[in-house]
Amino acid sequence: MIDSLKNKKNLIALIGASNDKNKYGNKILLDLVSKGHNVVPVNPKEPTIAGLKSYKNVSELSEKPSIINFVVPPSVGFELTKDLVESGYNNFWYQPGAESSEISSYLESNNKNYIDDKCIMVVTRLVDNY
């Protein structure tokens, strides 16, 4: 899944994107955009985030994301993950603090790809080393 970050045209859906500059949902969005990644914010409460159209959920996207990145509490992320797995999505990335053993076990039992021990901002900075 990290290899998909090498092609910046691959779509990343950021669940938990935020207009609040103090939240990582904002910091991650701005970081990925500044690096030239194709990222869309997903937040059911915000119509736009950092000047980008925000989507209420991943299913609204016209293109299936290469990575669904989570920056929400694990309890929220787990419910969203179950819906996304049932809808056929495969690649999940949980920011530090968004991960849980419950989510990891669920994804393993459903044979899904996931990362739950790396920050996407750090990995995109170092992606050529992978």
# chains A, B, ... in the order shown; residues from 1 in each chain; ligands from 1
>>> select_by_dssp(residues="chain A", states="helix (DSSP H, G or I)", output="PyMOL selection string")
chain A and resi 2-6+24-34+58-60+74-86+101-109+120-129
>>> write_last_selection(atoms="N, CA and C atoms", output="compact mmCIF listing (two decimals), in the first residue's frame")
# COMPACT_ATOMS: atom_id res chain seq x y z
N ILE A 2 2.01 1.20 0.66
CA ILE A 2 2.89 2.37 0.69
C ILE A 2 3.34 2.71 -0.73
N ASP A 3 3.53 1.69 -1.57
CA ASP A 3 3.94 1.95 -2.96
C ASP A 3 2.95 2.84 -3.70
N SER A 4 1.67 2.76 -3.35
CA SER A 4 0.68 3.59 -4.04
C SER A 4 0.90 5.08 -3.77
N LEU A 5 1.64 5.41 -2.71
CA LEU A 5 1.93 6.81 -2.42
C LEU A 5 2.96 7.39 -3.40
N LYS A 6 3.69 6.53 -4.08
CA LYS A 6 4.69 7.00 -5.04
C LYS A 6 4.04 7.65 -6.25
N TYR A 24 -5.32 17.34 13.70
CA TYR A 24 -4.52 16.63 12.71
C TYR A 24 -5.28 16.39 11.41
N GLY A 25 -6.59 16.39 11.46
CA GLY A 25 -7.37 16.27 10.22
C GLY A 25 -7.12 17.43 9.27
N ASN A 26 -6.73 18.57 9.80
CA ASN A 26 -6.37 19.73 8.98
C ASN A 26 -4.90 19.65 8.60
N LYS A 27 -4.06 19.35 9.55
CA LYS A 27 -2.60 19.30 9.31
C LYS A 27 -2.26 18.25 8.24
N ILE A 28 -2.88 17.08 8.32
CA ILE A 28 -2.60 16.01 7.36
C ILE A 28 -3.09 16.41 5.97
N LEU A 29 -4.29 16.97 5.90
CA LEU A 29 -4.82 17.40 4.60
C LEU A 29 -3.89 18.40 3.94
N LEU A 30 -3.51 19.43 4.66
CA LEU A 30 -2.64 20.46 4.10
C LEU A 30 -1.27 19.91 3.74
N ASP A 31 -0.76 19.00 4.54
CA ASP A 31 0.54 18.39 4.27
C ASP A 31 0.50 17.59 2.97
N LEU A 32 -0.52 16.75 2.81
CA LEU A 32 -0.61 15.93 1.60
C LEU A 32 -0.82 16.79 0.36
N VAL A 33 -1.66 17.81 0.48
CA VAL A 33 -1.89 18.71 -0.66
C VAL A 33 -0.59 19.42 -1.02
N SER A 34 0.16 19.88 -0.02
CA SER A 34 1.41 20.61 -0.29
C SER A 34 2.44 19.72 -0.97
N VAL A 58 -17.21 8.24 2.00
CA VAL A 58 -16.36 7.75 0.92
C VAL A 58 -17.20 7.30 -0.27
N SER A 59 -18.38 6.77 -0.03
CA SER A 59 -19.21 6.27 -1.13
C SER A 59 -19.66 7.38 -2.09
N GLU A 60 -19.56 8.64 -1.68
CA GLU A 60 -19.92 9.75 -2.56
C GLU A 60 -18.84 10.03 -3.61
N PRO A 74 -10.97 5.77 17.44
CA PRO A 74 -11.15 4.38 17.03
C PRO A 74 -12.61 3.91 17.02
N SER A 75 -13.42 4.37 17.96
CA SER A 75 -14.82 3.92 17.99
C SER A 75 -15.56 4.37 16.73
N VAL A 76 -15.28 5.56 16.26
CA VAL A 76 -15.90 6.08 15.02
C VAL A 76 -15.30 5.34 13.83
N GLY A 77 -13.98 5.21 13.83
CA GLY A 77 -13.30 4.55 12.73
C GLY A 77 -13.73 3.10 12.55
N PHE A 78 -13.99 2.40 13.64
CA PHE A 78 -14.38 1.00 13.54
C PHE A 78 -15.72 0.85 12.84
N GLU A 79 -16.67 1.68 13.22
CA GLU A 79 -17.99 1.62 12.56
C GLU A 79 -17.88 1.95 11.08
N LEU A 80 -17.11 2.98 10.74
CA LEU A 80 -16.92 3.34 9.34
C LEU A 80 -16.18 2.23 8.59
N THR A 81 -15.20 1.64 9.23
CA THR A 81 -14.43 0.56 8.61
C THR A 81 -15.34 -0.61 8.25
N LYS A 82 -16.22 -1.00 9.16
CA LYS A 82 -17.12 -2.12 8.88
C LYS A 82 -17.98 -1.82 7.66
N ASP A 83 -18.52 -0.62 7.56
CA ASP A 83 -19.33 -0.24 6.40
C ASP A 83 -18.51 -0.26 5.12
N LEU A 84 -17.28 0.24 5.19
CA LEU A 84 -16.43 0.29 4.01
C LEU A 84 -16.00 -1.11 3.56
N VAL A 85 -15.68 -1.98 4.50
CA VAL A 85 -15.33 -3.36 4.15
C VAL A 85 -16.51 -4.03 3.47
N GLU A 86 -17.71 -3.85 4.02
CA GLU A 86 -18.91 -4.44 3.41
C GLU A 86 -19.18 -3.88 2.02
N SER A 101 -6.79 -2.40 18.41
CA SER A 101 -6.63 -3.84 18.16
C SER A 101 -7.91 -4.43 17.58
N GLU A 102 -9.05 -3.87 17.98
CA GLU A 102 -10.34 -4.34 17.46
C GLU A 102 -10.42 -4.12 15.95
N ILE A 103 -10.02 -2.94 15.49
CA ILE A 103 -10.04 -2.63 14.06
C ILE A 103 -9.06 -3.56 13.32
N SER A 104 -7.85 -3.69 13.84
CA SER A 104 -6.84 -4.53 13.20
C SER A 104 -7.30 -5.98 13.08
N SER A 105 -7.87 -6.52 14.15
CA SER A 105 -8.38 -7.90 14.12
C SER A 105 -9.48 -8.06 13.09
N TYR A 106 -10.37 -7.09 13.04
CA TYR A 106 -11.47 -7.13 12.08
C TYR A 106 -10.93 -7.14 10.65
N LEU A 107 -9.97 -6.25 10.36
CA LEU A 107 -9.41 -6.17 9.01
C LEU A 107 -8.65 -7.45 8.66
N GLU A 108 -7.91 -8.00 9.61
CA GLU A 108 -7.20 -9.26 9.36
C GLU A 108 -8.18 -10.38 9.05
N SER A 109 -9.27 -10.45 9.79
CA SER A 109 -10.25 -11.52 9.57
C SER A 109 -10.97 -11.37 8.24
N ILE A 120 1.00 9.02 7.98
CA ILE A 120 1.08 9.21 6.54
C ILE A 120 1.91 10.44 6.18
N MET A 121 1.97 11.44 7.05
CA MET A 121 2.79 12.62 6.76
C MET A 121 4.28 12.24 6.74
N VAL A 122 4.68 11.40 7.66
CA VAL A 122 6.08 10.97 7.73
C VAL A 122 6.39 10.05 6.54
N VAL A 123 5.51 9.11 6.27
CA VAL A 123 5.75 8.15 5.19
C VAL A 123 5.81 8.86 3.84
N THR A 124 4.95 9.84 3.60
CA THR A 124 5.01 10.53 2.30
C THR A 124 6.30 11.32 2.16
N ARG A 125 6.87 11.74 3.24
CA ARG A 125 8.15 12.44 3.20
C ARG A 125 9.29 11.48 2.86
N LEU A 126 9.14 10.21 3.28
CA LEU A 126 10.21 9.23 3.15
C LEU A 126 9.88 8.12 2.14
N VAL A 127 8.81 8.28 1.36
CA VAL A 127 8.29 7.18 0.53
C VAL A 127 9.32 6.58 -0.41
N ASP A 128 10.25 7.37 -0.87
CA ASP A 128 11.25 6.84 -1.79
C ASP A 128 12.22 5.88 -1.11
N ASN A 129 12.23 5.85 0.21
CA ASN A 129 13.08 4.93 0.96
C ASN A 129 12.44 3.55 1.13
>>> residues_around(residues="Asn90 (chain A)", least_positions_apart="2", cutoff="8 Å", atoms="only C-alpha atoms", output="PyMOL selection string")
chain A and resi 85+88+92+112-113
>>> residues_around(residues="Leu11 (chain A)", least_positions_apart="5", cutoff="12 Å", atoms="only C-alpha atoms", output="list in words")
Ser4, Leu5, Lys6, Leu32, Val33, Gly36, His37, Asn38, Val39, Val40, Pro41, Val58, Leu61, Ser62, Glu63, Lys64, Pro65, Ser66, Ile67, Ile68, Asn69 and Asn91 of chain A
>>> write_last_selection(atoms="N, CA, C and O atoms", output="tab-separated table (two decimals), in the first residue's frame")
chain	number	residue	atom	x	y	z
A	4	SER	N	1.67	2.76	-3.35
A	4	SER	CA	0.68	3.59	-4.04
A	4	SER	C	0.90	5.08	-3.77
A	4	SER	O	0.44	5.92	-4.54
A	5	LEU	N	1.64	5.41	-2.71
A	5	LEU	CA	1.93	6.81	-2.42
A	5	LEU	C	2.96	7.39	-3.40
A	5	LEU	O	3.07	8.61	-3.52
A	6	LYS	N	3.69	6.53	-4.08
A	6	LYS	CA	4.69	7.00	-5.04
A	6	LYS	C	4.04	7.65	-6.25
A	6	LYS	O	4.64	8.51	-6.89
A	32	LEU	N	-0.52	16.75	2.81
A	32	LEU	CA	-0.61	15.93	1.60
A	32	LEU	C	-0.82	16.79	0.36
A	32	LEU	O	-0.22	16.53	-0.68
A	33	VAL	N	-1.66	17.81	0.48
A	33	VAL	CA	-1.89	18.71	-0.66
A	33	VAL	C	-0.59	19.42	-1.02
A	33	VAL	O	-0.23	19.53	-2.20
A	36	GLY	N	1.60	17.54	-3.20
A	36	GLY	CA	1.06	17.22	-4.53
A	36	GLY	C	0.21	15.98	-4.62
A	36	GLY	O	-0.11	15.52	-5.72
A	37	HIS	N	-0.21	15.44	-3.47
A	37	HIS	CA	-1.04	14.24	-3.49
A	37	HIS	C	-2.50	14.59	-3.83
A	37	HIS	O	-2.98	15.68	-3.53
A	38	ASN	N	-3.17	13.62	-4.43
A	38	ASN	CA	-4.58	13.73	-4.79
A	38	ASN	C	-5.39	13.28	-3.58
A	38	ASN	O	-5.64	12.09	-3.41
A	39	VAL	N	-5.75	14.22	-2.73
A	39	VAL	CA	-6.44	13.89	-1.48
A	39	VAL	C	-7.76	14.63	-1.41
A	39	VAL	O	-7.87	15.78	-1.84
A	40	VAL	N	-8.79	13.93	-0.92
A	40	VAL	CA	-10.10	14.56	-0.73
A	40	VAL	C	-10.50	14.45	0.73
A	40	VAL	O	-10.32	13.41	1.36
A	41	PRO	N	-11.03	15.55	1.27
A	41	PRO	CA	-11.50	15.50	2.66
A	41	PRO	C	-12.86	14.81	2.77
A	41	PRO	O	-13.71	14.97	1.89
A	58	VAL	N	-17.21	8.24	2.00
A	58	VAL	CA	-16.36	7.75	0.92
A	58	VAL	C	-17.20	7.30	-0.27
A	58	VAL	O	-16.78	7.44	-1.42
A	61	LEU	N	-17.67	9.50	-3.43
A	61	LEU	CA	-16.57	9.78	-4.35
A	61	LEU	C	-16.82	9.10	-5.70
A	61	LEU	O	-17.30	7.97	-5.75
A	62	SER	N	-16.46	9.78	-6.78
A	62	SER	CA	-16.65	9.21	-8.11
A	62	SER	C	-15.58	8.18	-8.45
A	62	SER	O	-15.73	7.39	-9.37
A	63	GLU	N	-14.50	8.17	-7.71
A	63	GLU	CA	-13.37	7.26	-7.93
A	63	GLU	C	-13.09	6.53	-6.62
A	63	GLU	O	-13.15	7.12	-5.54
A	64	LYS	N	-12.78	5.25	-6.72
A	64	LYS	CA	-12.45	4.47	-5.53
A	64	LYS	C	-11.05	4.88	-5.06
A	64	LYS	O	-10.10	4.83	-5.83
A	65	PRO	N	-10.91	5.29	-3.81
A	65	PRO	CA	-9.59	5.70	-3.32
A	65	PRO	C	-8.61	4.54	-3.23
A	65	PRO	O	-8.99	3.41	-2.94
A	66	SER	N	-7.33	4.86	-3.48
A	66	SER	CA	-6.26	3.87	-3.31
A	66	SER	C	-6.02	3.62	-1.82
A	66	SER	O	-5.65	2.52	-1.43
A	67	ILE	N	-6.22	4.68	-1.02
A	67	ILE	CA	-6.03	4.60	0.44
A	67	ILE	C	-7.16	5.37	1.11
A	67	ILE	O	-7.48	6.48	0.69
A	68	ILE	N	-7.72	4.78	2.15
A	68	ILE	CA	-8.65	5.51	3.02
A	68	ILE	C	-7.91	5.73	4.32
A	68	ILE	O	-7.55	4.77	5.02
A	69	ASN	N	-7.63	6.99	4.62
A	69	ASN	CA	-6.84	7.36	5.79
A	69	ASN	C	-7.78	7.88	6.87
A	69	ASN	O	-8.63	8.72	6.60
A	91	ASN	N	-8.09	-0.91	1.20
A	91	ASN	CA	-6.85	-0.33	1.72
A	91	ASN	C	-7.12	0.74	2.76
A	91	ASN	O	-7.63	1.81	2.43
>>> atom_distance(atom1="CA of Lys53 (chain A)", atom2="CA of Ser87 (chain A)")
22.6 Å
>>> residues_around(residues="Gly16 (chain A)", least_positions_apart="6", cutoff="7 Å", atoms="only C-alpha atoms", output="list in words")
Gly25, Val42, Asn43, Phe70, Val71 and Val72 of chain A
>>> write_last_selection(atoms="N, CA, C and O atoms", output="compact mmCIF listing (two decimals), in the first residue's frame")
# COMPACT_ATOMS: atom_id res chain seq x y z
N GLY A 25 -6.59 16.39 11.46
CA GLY A 25 -7.37 16.27 10.22
C GLY A 25 -7.12 17.43 9.27
O GLY A 25 -7.23 17.29 8.06
N VAL A 42 -13.01 14.04 3.83
CA VAL A 42 -14.29 13.39 4.12
C VAL A 42 -14.69 13.80 5.53
O VAL A 42 -13.99 13.53 6.50
N ASN A 43 -15.82 14.52 5.61
CA ASN A 43 -16.35 14.98 6.89
C ASN A 43 -17.82 15.31 6.67
O ASN A 43 -18.14 16.19 5.87
N PHE A 70 -7.62 7.37 8.08
CA PHE A 70 -8.50 7.72 9.20
C PHE A 70 -7.77 8.59 10.22
O PHE A 70 -6.68 8.23 10.67
N VAL A 71 -8.41 9.70 10.58
CA VAL A 71 -7.91 10.53 11.68
C VAL A 71 -9.12 10.89 12.56
O VAL A 71 -9.47 12.04 12.73
N VAL A 72 -9.78 9.83 13.04
CA VAL A 72 -10.96 9.93 13.90
C VAL A 72 -10.75 8.97 15.07
O VAL A 72 -9.91 8.06 14.99
>>> atom_distance(atom1="CA of Asp116 (chain A)", atom2="CA of Ala98 (chain A)")
8.1 Å
>>> select_by_dssp(residues="region 21-121 of chain A", states="strand (DSSP E)", output="list in words")
Asn38, Val39, Val40, Pro41, Val42, Thr48, Ile49, Leu52, Lys53, Ile67, Ile68, Asn69, Phe70, Asn91, Phe92, Trp93, Tyr94, Asn113, Tyr114 and Ile115 of chain A
>>> atom_distance(atom1="CA of Ser18 (chain A)", atom2="CA of Asn110 (chain A)")
29.5 Å
